[in-house]
Structure formats: structure tokens, C-alpha cells
$ cat model-v6.csv   # CSV, C-alpha atoms
chain,number,residue,atom,x,y,z
A,7,MET,CA,-37.5,9.9,-36.0
A,8,THR,CA,-37.9,11.2,-32.4
A,9,LEU,CA,-34.6,11.8,-30.7
A,10,ALA,CA,-34.7,11.4,-26.9
A,11,VAL,CA,-31.6,13.1,-25.5
A,12,ARG,CA,-30.6,12.2,-21.9
A,13,PRO,CA,-30.2,15.2,-19.7
A,14,VAL,CA,-26.7,16.2,-18.5
A,15,VAL,CA,-26.4,15.4,-14.8
A,16,GLY,CA,-23.9,17.1,-12.5
A,17,ARG,CA,-23.1,15.8,-9.0
A,18,ARG,CA,-20.3,15.2,-6.6
A,19,ALA,CA,-18.4,11.9,-6.3
A,20,LYS,CA,-16.7,10.1,-3.3
A,21,ILE,CA,-14.7,7.0,-2.4
A,22,THR,CA,-17.1,4.7,-0.6
A,23,ALA,CA,-14.9,1.6,0.0
A,24,LEU,CA,-11.3,0.4,-0.1
A,25,GLY,CA,-9.6,-2.9,-0.5
A,26,THR,CA,-5.9,-3.8,-0.9
A,27,TYR,CA,-3.7,-6.9,-1.6
A,28,VAL,CA,0.0,-7.8,-1.5
A,29,PRO,CA,1.4,-11.2,-2.3
A,30,PRO,CA,2.5,-13.3,0.7
A,31,GLN,CA,6.1,-13.8,-0.5
A,32,VAL,CA,8.4,-11.2,1.0
A,33,LEU,CA,11.8,-10.2,-0.3
A,34,THR,CA,13.9,-8.5,2.4
A,35,ASN,CA,17.0,-6.3,2.1
A,36,GLN,CA,18.9,-9.2,3.6
A,37,ASP,CA,17.7,-11.4,0.8
A,38,LEU,CA,19.0,-8.9,-1.8
A,39,GLU,CA,22.4,-8.9,-0.1
A,40,LYS,CA,22.7,-12.5,-1.3
A,41,ILE,CA,21.7,-11.6,-4.9
A,42,VAL,CA,23.5,-8.3,-5.7
A,43,GLU,CA,26.2,-6.2,-4.1
A,44,THR,CA,24.3,-4.1,-1.6
A,45,SER,CA,23.4,-4.0,2.1
A,46,ASP,CA,20.4,-3.4,4.3
A,47,GLU,CA,21.9,-0.2,5.6
A,48,TRP,CA,22.7,1.1,2.1
A,49,ILE,CA,19.2,0.4,0.9
A,50,PHE,CA,17.4,1.8,3.9
A,51,THR,CA,19.4,5.0,4.3
A,52,ARG,CA,18.9,5.9,0.6
A,53,THR,CA,15.3,4.7,0.1
A,54,GLY,CA,13.5,3.9,3.4
A,55,ILE,CA,12.8,0.4,2.2
A,56,ARG,CA,13.3,-2.7,4.3
A,57,GLU,CA,11.3,-5.3,2.4
A,58,ARG,CA,8.9,-5.7,-0.5
A,59,HIS,CA,6.4,-8.4,-1.7
A,60,VAL,CA,6.8,-10.6,-4.8
A,61,LEU,CA,4.0,-12.0,-6.9
A,62,ALA,CA,4.2,-15.8,-7.4
A,63,LYS,CA,4.9,-17.3,-10.8
A,64,GLY,CA,1.8,-18.1,-12.8
A,65,LEU,CA,-0.1,-15.1,-11.5
A,66,GLY,CA,-0.5,-11.6,-13.1
A,67,THR,CA,-1.4,-8.1,-12.1
A,68,SER,CA,-5.1,-8.9,-12.8
A,69,ASP,CA,-5.0,-11.5,-10.0
A,70,MET,CA,-3.8,-8.9,-7.5
A,71,CYS,CA,-6.5,-6.5,-8.7
A,72,VAL,CA,-9.1,-9.2,-8.2
A,73,GLU,CA,-8.2,-9.8,-4.6
A,74,ALA,CA,-8.2,-6.1,-3.9
A,75,ALA,CA,-11.5,-5.6,-5.7
A,76,LYS,CA,-13.2,-8.5,-3.8
A,77,LYS,CA,-12.2,-6.9,-0.5
A,78,CYS,CA,-13.4,-3.5,-1.7
A,79,LEU,CA,-16.8,-4.7,-2.8
A,80,ALA,CA,-17.2,-6.8,0.3
A,81,ALA,CA,-16.5,-3.8,2.5
A,82,ARG,CA,-19.3,-1.9,0.6
A,83,GLY,CA,-21.6,-4.9,0.7
A,84,ILE,CA,-22.4,-5.0,-3.0
A,85,GLU,CA,-22.1,-7.6,-5.7
A,86,PRO,CA,-19.7,-7.5,-8.6
A,87,THR,CA,-22.7,-7.3,-10.9
A,88,ASP,CA,-23.5,-3.9,-9.4
A,89,VAL,CA,-20.2,-2.5,-10.8
A,90,GLU,CA,-20.8,-0.4,-14.0
A,91,ALA,CA,-17.2,0.4,-15.0
A,92,ILE,CA,-13.7,-0.8,-14.1
A,93,ILE,CA,-10.6,1.3,-14.6
A,94,VAL,CA,-7.2,-0.2,-13.9
A,95,GLY,CA,-4.0,1.9,-13.5
A,96,THR,CA,-1.0,-0.2,-14.3
A,97,VAL,CA,2.2,-0.4,-16.4
A,98,THR,CA,2.5,-4.2,-15.9
A,99,PRO,CA,-0.6,-5.6,-17.6
A,100,ASP,CA,-0.9,-9.4,-17.8
A,101,MET,CA,-0.4,-9.0,-21.5
A,102,MET,CA,-0.5,-6.3,-24.2
A,103,PHE,CA,-4.2,-7.1,-24.9
A,104,PRO,CA,-6.8,-7.7,-23.7
A,105,SER,CA,-6.7,-5.0,-21.1
A,106,THR,CA,-6.3,-5.8,-17.4
A,107,ALA,CA,-9.7,-4.3,-16.8
A,108,CYS,CA,-11.2,-7.0,-19.1
A,109,LEU,CA,-9.5,-9.7,-17.2
A,110,VAL,CA,-10.6,-8.3,-13.8
A,111,GLN,CA,-14.2,-7.9,-15.1
A,112,THR,CA,-14.5,-11.6,-16.0
A,113,LYS,CA,-12.6,-12.9,-13.0
A,114,ILE,CA,-14.8,-11.1,-10.5
A,115,GLY,CA,-18.0,-11.7,-12.4
A,116,ALA,CA,-18.9,-8.1,-13.1
A,117,ALA,CA,-21.3,-8.9,-15.9
A,118,GLY,CA,-22.4,-5.9,-17.9
A,119,ALA,CA,-19.5,-3.6,-16.8
A,120,TRP,CA,-17.1,-1.9,-19.3
A,121,GLY,CA,-13.7,-0.6,-18.6
A,122,PHE,CA,-10.1,0.2,-19.7
A,123,ASP,CA,-6.5,0.5,-18.5
A,124,VAL,CA,-4.6,3.7,-17.7
A,125,SER,CA,-0.9,3.8,-18.3
A,126,ALA,CA,0.7,6.6,-16.2
A,127,GLY,CA,3.6,4.9,-14.4
A,128,CYS,CA,3.5,5.5,-10.7
A,129,SER,CA,0.7,8.1,-11.2
A,130,GLY,CA,-1.5,5.3,-12.6
A,131,PHE,CA,-3.9,5.1,-9.6
A,132,ILE,CA,-4.4,8.8,-9.2
A,133,TYR,CA,-5.0,9.2,-12.9
A,134,ALA,CA,-7.5,6.3,-13.0
A,135,LEU,CA,-9.2,7.7,-9.9
A,136,GLN,CA,-10.0,11.0,-11.7
A,137,ALA,CA,-11.3,9.1,-14.7
A,138,GLY,CA,-13.6,7.2,-12.4
A,139,VAL,CA,-14.7,10.3,-10.5
A,140,LYS,CA,-15.6,12.1,-13.7
A,141,LEU,CA,-17.8,9.2,-14.9
A,142,VAL,CA,-19.7,9.4,-11.6
A,143,GLU,CA,-19.8,13.3,-11.5
A,144,SER,CA,-21.2,13.3,-15.0
A,145,GLY,CA,-24.0,11.0,-14.1
A,146,ALA,CA,-22.9,8.4,-16.6
A,147,HIS,CA,-22.4,5.8,-13.8
A,148,SER,CA,-23.0,5.4,-10.1
A,149,LYS,CA,-20.6,2.6,-9.2
A,150,VAL,CA,-17.1,2.7,-10.7
A,151,LEU,CA,-14.4,0.4,-9.5
A,152,VAL,CA,-10.9,1.9,-9.7
A,153,CYS,CA,-7.8,-0.3,-9.3
A,154,GLY,CA,-4.1,0.6,-9.0
A,155,ALA,CA,-1.7,-2.4,-9.3
A,156,ASP,CA,1.7,-3.3,-10.5
A,157,ALA,CA,3.9,-6.4,-10.6
A,158,ASN,CA,7.1,-4.5,-10.8
A,159,THR,CA,9.3,-7.4,-9.9
A,160,ARG,CA,8.5,-8.9,-13.3
A,161,MET,CA,10.4,-6.0,-14.9
A,162,VAL,CA,13.4,-5.8,-12.5
A,163,ASP,CA,16.9,-6.8,-13.4
A,164,TYR,CA,18.3,-8.4,-10.3
A,165,THR,CA,21.9,-7.7,-11.4
A,166,ASP,CA,21.2,-3.9,-11.4
A,167,ARG,CA,21.4,-2.8,-7.7
A,168,THR,CA,20.2,0.7,-8.6
A,169,THR,CA,16.7,-0.6,-9.5
A,170,CYS,CA,16.2,-4.1,-8.0
A,171,ILE,CA,16.2,-2.7,-4.5
A,172,LEU,CA,13.3,-0.3,-5.1
A,173,PHE,CA,10.4,-2.2,-6.5
A,174,GLY,CA,7.7,-4.6,-5.1
A,175,ASP,CA,4.3,-5.9,-6.1
A,176,GLY,CA,0.9,-4.9,-4.8
A,177,ALA,CA,-2.6,-3.6,-5.5
A,178,GLY,CA,-5.5,-1.5,-4.2
A,179,ALA,CA,-9.0,-0.8,-5.3
A,180,VAL,CA,-11.6,1.8,-4.4
A,181,LEU,CA,-15.3,2.2,-5.3
A,182,ILE,CA,-16.5,5.6,-6.5
A,183,GLU,CA,-20.1,6.5,-6.0
A,184,PRO,CA,-22.2,9.7,-5.8
A,185,CYS,CA,-22.1,11.8,-2.6
A,186,GLU,CA,-25.0,11.9,-0.2
A,187,GLU,CA,-26.5,15.3,0.8
A,188,GLY,CA,-24.0,17.3,2.8
A,189,GLU,CA,-21.0,15.3,1.6
A,190,ILE,CA,-18.1,16.8,-0.4
A,191,GLY,CA,-16.0,13.8,-1.5
A,192,MET,CA,-13.6,14.6,-4.4
A,193,ILE,CA,-12.7,18.3,-4.5
A,194,ASP,CA,-10.1,19.0,-7.1
A,195,PHE,CA,-7.0,17.7,-9.0
A,196,VAL,CA,-3.9,18.9,-10.8
A,197,HIS,CA,-2.3,16.6,-13.3
A,198,GLU,CA,0.5,17.1,-15.8
A,199,ILE,CA,2.7,15.1,-18.2
A,200,ASP,CA,6.1,15.9,-19.6
A,201,GLY,CA,7.1,13.5,-22.3
A,202,SER,CA,10.6,14.8,-22.5
A,203,GLY,CA,11.3,12.8,-19.3
A,204,GLY,CA,10.5,9.5,-21.0
A,205,PRO,CA,14.2,8.5,-21.6
A,206,ALA,CA,14.9,8.8,-17.9
A,207,LEU,CA,12.5,6.1,-16.8
A,208,ASN,CA,11.2,3.4,-19.2
A,209,MET,CA,11.1,-0.2,-20.4
A,210,PRO,CA,12.6,0.2,-23.9
A,211,ALA,CA,11.3,-3.0,-25.6
A,212,GLY,CA,8.2,-5.0,-25.9
A,213,GLY,CA,6.1,-2.4,-27.8
A,214,SER,CA,5.8,-1.5,-31.5
A,215,LEU,CA,9.1,0.4,-31.6
A,216,ASN,CA,11.3,-2.4,-30.3
A,217,PRO,CA,9.3,-5.6,-30.5
A,218,SER,CA,10.6,-8.6,-28.6
A,219,SER,CA,13.6,-10.3,-30.3
A,220,HIS,CA,16.8,-12.1,-29.3
A,221,GLU,CA,18.6,-8.8,-29.6
A,222,THR,CA,16.2,-6.9,-27.2
A,223,ILE,CA,16.5,-9.8,-24.7
A,224,ASP,CA,20.3,-9.9,-24.9
A,225,LYS,CA,20.4,-6.1,-24.4
A,226,LYS,CA,18.1,-6.4,-21.3
A,227,MET,CA,15.7,-4.0,-22.9
A,228,HIS,CA,12.7,-5.7,-21.2
A,229,PHE,CA,13.7,-4.4,-17.8
A,230,ILE,CA,13.2,-1.1,-16.0
A,231,HIS,CA,15.8,1.5,-17.1
A,232,GLN,CA,16.1,4.5,-14.8
A,233,ASP,CA,18.2,7.6,-14.5
A,234,GLY,CA,17.8,7.9,-10.8
A,235,PRO,CA,19.0,11.5,-10.2
A,236,THR,CA,16.9,12.9,-13.0
A,237,VAL,CA,13.8,11.1,-11.8
A,238,TYR,CA,14.4,12.2,-8.2
A,239,LYS,CA,14.8,15.9,-9.1
A,240,PHE,CA,11.6,15.8,-11.2
A,241,ALA,CA,9.6,14.1,-8.5
A,242,VAL,CA,10.7,16.4,-5.7
A,243,ARG,CA,10.1,19.6,-7.8
A,244,LYS,CA,6.8,18.6,-9.6
A,245,MET,CA,5.1,16.9,-6.7
A,246,ALA,CA,5.6,20.0,-4.6
A,247,GLU,CA,4.3,22.3,-7.5
A,248,ALA,CA,1.2,20.2,-8.1
A,249,THR,CA,0.3,19.8,-4.4
A,250,LEU,CA,0.8,23.5,-3.7
A,251,LYS,CA,-1.3,24.4,-6.7
A,252,VAL,CA,-4.3,22.2,-5.8
A,253,LEU,CA,-4.2,23.4,-2.2
A,254,GLU,CA,-3.9,27.1,-3.0
A,255,ARG,CA,-6.7,27.2,-5.5
A,256,ASN,CA,-9.0,25.6,-3.0
A,257,GLY,CA,-8.0,27.8,-0.1
A,258,VAL,CA,-6.4,25.0,2.0
A,259,THR,CA,-3.1,25.0,3.8
A,260,GLY,CA,-0.9,22.1,4.6
A,261,PRO,CA,-1.6,22.2,8.4
A,262,GLU,CA,-5.3,21.9,7.7
A,263,LEU,CA,-4.9,18.5,6.1
A,264,GLY,CA,-5.9,15.4,7.9
A,265,VAL,CA,-3.3,13.3,6.1
A,266,PHE,CA,-0.9,13.5,3.2
A,267,ILE,CA,-0.8,10.3,1.2
A,268,SER,CA,2.1,10.3,-1.3
A,269,HIS,CA,3.3,7.8,-3.8
A,270,GLN,CA,5.8,5.6,-2.0
A,271,ALA,CA,8.9,5.8,-4.3
A,272,ASN,CA,11.5,7.1,-1.9
A,273,LEU,CA,11.3,8.3,1.7
A,274,ARG,CA,13.4,11.4,0.9
A,275,ILE,CA,10.9,12.4,-1.8
A,276,ILE,CA,8.0,12.0,0.5
A,277,ASN,CA,9.6,14.0,3.3
A,278,ALA,CA,10.8,16.8,0.9
A,279,THR,CA,7.3,17.3,-0.4
A,280,ALA,CA,5.7,17.2,3.0
A,281,GLU,CA,8.2,19.8,4.2
A,282,ARG,CA,7.4,22.1,1.3
A,283,LEU,CA,3.7,21.8,2.3
A,284,GLY,CA,4.3,22.4,6.0
A,285,ILE,CA,2.8,19.1,7.1
A,286,GLU,CA,3.8,17.6,10.3
A,287,SER,CA,5.4,14.1,10.0
A,288,ASP,CA,2.7,12.3,12.0
A,289,ARG,CA,0.2,13.2,9.3
A,290,VAL,CA,2.4,12.0,6.5
A,291,ILE,CA,1.6,8.4,5.6
A,292,VAL,CA,4.6,6.1,5.1
A,293,ASN,CA,4.7,2.4,4.4
A,294,ILE,CA,7.5,2.2,1.9
A,295,ASP,CA,9.5,0.3,4.5
A,296,ARG,CA,7.1,-2.7,4.2
A,297,TYR,CA,6.2,-2.6,0.5
A,298,GLY,CA,8.8,-0.7,-1.5
A,299,ASN,CA,7.6,1.0,-4.7
A,300,THR,CA,4.5,-0.8,-6.0
A,301,SER,CA,3.9,2.0,-8.6
A,302,ALA,CA,0.1,2.3,-9.1
A,303,GLY,CA,-0.5,0.2,-6.0
A,304,THR,CA,1.2,2.6,-3.5
A,305,ILE,CA,-1.5,5.2,-2.9
A,306,PRO,CA,-4.3,2.8,-2.1
A,307,LEU,CA,-2.0,0.7,0.0
A,308,ALA,CA,-1.0,3.9,1.9
A,309,MET,CA,-4.7,4.7,2.3
A,310,GLU,CA,-5.2,1.3,4.0
A,311,THR,CA,-2.2,2.0,6.2
A,312,ALA,CA,-3.7,5.3,7.2
A,313,VAL,CA,-7.0,3.7,8.1
A,314,GLN,CA,-5.3,0.9,10.1
A,315,GLU,CA,-3.1,3.4,12.0
A,316,GLY,CA,-6.2,5.5,12.9
A,317,LYS,CA,-4.9,8.5,11.0
A,318,LEU,CA,-7.6,8.6,8.4
A,319,LYS,CA,-11.1,9.4,9.6
A,320,LYS,CA,-14.4,10.5,8.2
A,321,GLY,CA,-14.4,14.2,7.4
A,322,ASP,CA,-10.6,14.5,7.1
A,323,LEU,CA,-9.2,16.5,4.2
A,324,VAL,CA,-6.8,14.2,2.3
A,325,LEU,CA,-4.1,15.2,-0.2
A,326,LEU,CA,-2.9,12.6,-2.7
A,327,ALA,CA,0.3,13.0,-4.8
A,328,ALA,CA,2.3,11.0,-7.3
A,329,ALA,CA,5.0,11.3,-9.9
A,330,GLY,CA,6.0,8.6,-12.4
A,331,ALA,CA,7.4,7.5,-15.7
A,332,GLY,CA,6.3,9.6,-18.6
A,333,PHE,CA,7.0,11.9,-16.9
A,334,THR,CA,3.7,12.1,-15.1
A,335,VAL,CA,2.7,14.0,-12.0
A,336,GLY,CA,-0.6,14.4,-10.2
A,337,ALA,CA,-2.2,15.7,-7.0
A,338,ALA,CA,-5.8,15.4,-5.8
A,339,LEU,CA,-7.7,16.9,-2.9
A,340,LEU,CA,-10.7,15.1,-1.3
A,341,ARG,CA,-12.7,14.8,1.9
A,342,TRP,CA,-12.8,11.3,3.3
A,343,GLU,CA,-16.4,10.2,3.6
A,344,ILE,CA,-16.1,6.6,4.8
$ encode --input "model-v6.csv" --output "C-alpha cells"
Amino acid sequence: MTLAVRPVVGRRAKITALGTYVPPQVLTNQDLEKIVETSDEWIFTRTGIRERHVLAKGLGTSDMCVEAAKKCLAARGIEPTDVEAIIVGTVTPDMMFPSTACLVQTKIGAAGAWGFDVSAGCSGFIYALQAGVKLVESGAHSKVLVCGADANTRMVDYTDRTTCILFGDGAGAVLIEPCEEGEIGMIDFVHEIDGSGGPALNMPAGGSLNPSSHETIDKKMHFIHQDGPTVYKFAVRKMAEATLKVLERNGVTGPELGVFISHQANLRIINATAERLGIESDRVIVNIDRYGNTSAGTIPLAMETAVQEGKLKKGDLVLLAAAGAGFTVGAALLRWEI
């Protein structure tokens, strides 16, 4: 037998295209006033949210990914069959199995691609992004589609005013490809998990520990359960730590960044992190007022907002950050090459 071993290839990777999608149905703070004891002023002053989008019945997270993926591939001018791998960051898969990546693959017609889902709560996109980047950097693939999407309203208890005001539905997708000569693309990342925080933010039932039953339904164990103060303290502390670490070890300061694109969970968390980094408010991307917390969808949706507002341009240094259920936290530094 003659063994032919493929050489190990090292190269840089970059984002080459972006596409996003939110469902057309909008749920405003005024709408929530009719459902649960709350007010527009109470919600906005505590979260920065004014409205969020709701996925229609009969559709799943994969359908939002498909719409975002189509826009992404069209922006790049390539066919779905050119995609070699699909990675989806989500905690609201259409079903336990098959994976959302499998559903997206067949719905867009990406014949020959492989893929998988990443469950990292609100850090889902930034974690999936790094997985895609490493596939390209290693030389294994040259076109990886990374999606971040969640249908959070499917998990919301609309009698619980502490959680139902926060969440919305949405999706984003980026294409990861090798850098051209002279480009930098993805620079570095810092990720961390702390499983001790699991009880503070979870959906208790539906898995192997507490499979669906009349009891789990009666106890509302299929909804989001959150200890708000604990989650808030973790997010503020760990997002600042992760972002400062990735900047310091790459010799970058906050004022040198083009934009800071944070997970959109709460306006106070975003502002607290930006203040620790010394970033001026006009370079902090905020769209939580329009979309609420779309979990893994927030960062790509915020990327789109940054582009639309003319705040994200080719050559800019970009800092991404997220924290989510798990607990999970992540930060990534890149140069925008589109």
C-alpha cells in the first residue's frame, strides 16, 4: 500500500459576504402591554428594546437561515453548490435531529456540503464563526457558510414579563474564504465557558434529563428560565475581560477600533463593555431597539446595521463580543475585508 498524505496547509481566512433576515411580523412594546403587566417606558429604560420580530407559525429556524444564506451567497455571486461546509449556531433548532445545518443544506441546494450545529446560547454565532475560520485556515475548505439564528419567541412564556420582553427572532449568515495577498481577515479570538452558570439561564425540559411529559409542560419547563441579575453580572464582567484580553495580546486599543459589534442582549451591558474598552459611542453598533435579543442572530444583524449606517468599511478593525447561556463568552478581532 502506498499512503499519500495530504500536506498541511496554513493560510488566513476572512469574511467575504454577509446576509441577514428577520421575519416581517413585529411585536412592539405596546403590543406586550396588552399581554402582560408592563409598559413601553419600563421595557425601554431597562433594556433599550422597543420592538422585536416574530417568526410565523409553520416556519422554523432553518427557514430564517435559508433566507439569510441566499442573500449572503447572492452578495458573493456564487452558487449553493460552491459551499463546502455549513455551520449553524443556534439553540432553537427546528427539531432535536437532524441538525439545522442538514435542513439548510437541502433547502438551499448545497449538494456535497457537510455541516453541523453549534449550541452556545447567545455566543452561538461567534463560536460557529471560529469553527468555520479554522476549517478555512487549515486548508480543509475554501468556502464555509456560517449562520447564526434563533427563534427565541418559540421558547418565551408570555406570562413572564421578565423574559418575554427581551427576545425576538432573526438570522444572519457570512461566507468564510481564504484571504487574498495583503489581506488580514480574522486575527484572534478568546472564548471561555463556565458550566456553573447553567442554572441561571436554561430551558430545563426537552432533553434526555427531563424528556417532554405532561408534568414538564404543566411546570412550564419548556420555556426560557433566567436569573436576570446573575446573567447580567456575568455578561458585564466576562465580556469586558474577553475583549480586553484579545485586544491586549494583539497590541490594539479600544480607540483604534473601527467598530465594536456586541451581542445585543441589553443596552446597559453593551454600554458598560464599551466604556471599559474606551470606545466612543458612535463606534458602538446598537440595533437592540429594533430586534430585541435574537441570540445567535444578533451579531450578524448588527454587522448589517453597521454596513447600512456607513460605520463599517473595508480595512476597519472590528471587535466582536458575546455572552450567553452555558455560561459562554467570546470575543473576536478581525479586519473587515469586504
$ closest_residue --input "model-v6.csv" --among "A:Glu186, A:Asp175, A:Asp295, A:Glu90" --to "Val150 (chain A)" --atoms "only C-alpha atoms"
A:Glu90
$ residues_around --input "model-v6.csv" --residues "Phe229 (chain A)" --least-positions-apart "5" --cutoff "8 Å" --atoms "all atoms listed in the file" --output "list in words"
Met161, Val162, Asp163, Met209 and Pro210 of chain A
$ closest_residue --input "model-v6.csv" --among "A:Gly204, A:Ala327, A:Thr34, A:Glu183" --to "Ile21 (chain A)" --atoms "all atoms listed in the file"
A:Glu183
$ closest_residue --input "model-v6.csv" --among "A:Val252, A:Pro184, A:Ala74, A:Asn293" --to "Ser144 (chain A)" --atoms "all atoms listed in the file"
A:Pro184
$ atom_distance --input "model-v6.csv" --atom1 "CA of Lys20 (chain A)" --atom2 "CA of Ile182 (chain A)"
5.5 Å
$ closest_residue --input "model-v6.csv" --among "A:Thr311, A:Thr169, A:Thr87, A:Thr222" --to "Val42 (chain A)" --atoms "all atoms listed in the file"
A:Thr169
$ atom_distance --input "model-v6.csv" --atom1 "CA of Gly191 (chain A)" --atom2 "CA of Val142 (chain A)"
11.6 Å
$ residues_around --input "model-v6.csv" --residues "Thr249 (chain A)" --least-positions-apart "2" --cutoff "10 Å" --atoms "all atoms listed in the file" --output "PDB file with C-alpha atoms, keeping the file's coordinate frame"
ATOM      1  CA  PHE A 195      -7.000  17.700  -9.000  1.00  0.00           C
ATOM      2  CA  VAL A 196      -3.900  18.900 -10.800  1.00  0.00           C
ATOM      3  CA  HIS A 197      -2.300  16.600 -13.300  1.00  0.00           C
ATOM      4  CA  LYS A 244       6.800  18.600  -9.600  1.00  0.00           C
ATOM      5  CA  MET A 245       5.100  16.900  -6.700  1.00  0.00           C
ATOM      6  CA  ALA A 246       5.600  20.000  -4.600  1.00  0.00           C
ATOM      7  CA  GLU A 247       4.300  22.300  -7.500  1.00  0.00           C
ATOM      8  CA  LYS A 251      -1.300  24.400  -6.700  1.00  0.00           C
ATOM      9  CA  VAL A 252      -4.300  22.200  -5.800  1.00  0.00           C
ATOM     10  CA  LEU A 253      -4.200  23.400  -2.200  1.00  0.00           C
ATOM     11  CA  GLU A 254      -3.900  27.100  -3.000  1.00  0.00           C
ATOM     12  CA  GLY A 260      -0.900  22.100   4.600  1.00  0.00           C
ATOM     13  CA  PHE A 266      -0.900  13.500   3.200  1.00  0.00           C
ATOM     14  CA  THR A 279       7.300  17.300  -0.400  1.00  0.00           C
ATOM     15  CA  ALA A 280       5.700  17.200   3.000  1.00  0.00           C
ATOM     16  CA  ARG A 282       7.400  22.100   1.300  1.00  0.00           C
ATOM     17  CA  LEU A 283       3.700  21.800   2.300  1.00  0.00           C
ATOM     18  CA  LEU A 325      -4.100  15.200  -0.200  1.00  0.00           C
ATOM     19  CA  LEU A 326      -2.900  12.600  -2.700  1.00  0.00           C
ATOM     20  CA  ALA A 327       0.300  13.000  -4.800  1.00  0.00           C
ATOM     21  CA  ALA A 328       2.300  11.000  -7.300  1.00  0.00           C
ATOM     22  CA  VAL A 335       2.700  14.000 -12.000  1.00  0.00           C
ATOM     23  CA  GLY A 336      -0.600  14.400 -10.200  1.00  0.00           C
ATOM     24  CA  ALA A 337      -2.200  15.700  -7.000  1.00  0.00           C
ATOM     25  CA  ALA A 338      -5.800  15.400  -5.800  1.00  0.00           C
ATOM     26  CA  LEU A 339      -7.700  16.900  -2.900  1.00  0.00           C
TER      27      LEU A 339
END
$ atom_distance --input "model-v6.csv" --atom1 "CA of Thr159 (chain A)" --atom2 "CA of Val265 (chain A)"
29.0 Å
$ closest_residue --input "model-v6.csv" --among "A:Arg289, A:Leu141, A:Leu38, A:Ala81" --to "Glu315 (chain A)" --atoms "only C-alpha atoms"
A:Arg289
$ closest_residue --input "model-v6.csv" --among "A:Gly264, A:Gly234, A:Gly118, A:Gly188" --to "Asn208 (chain A)" --atoms "only C-alpha atoms"
A:Gly234
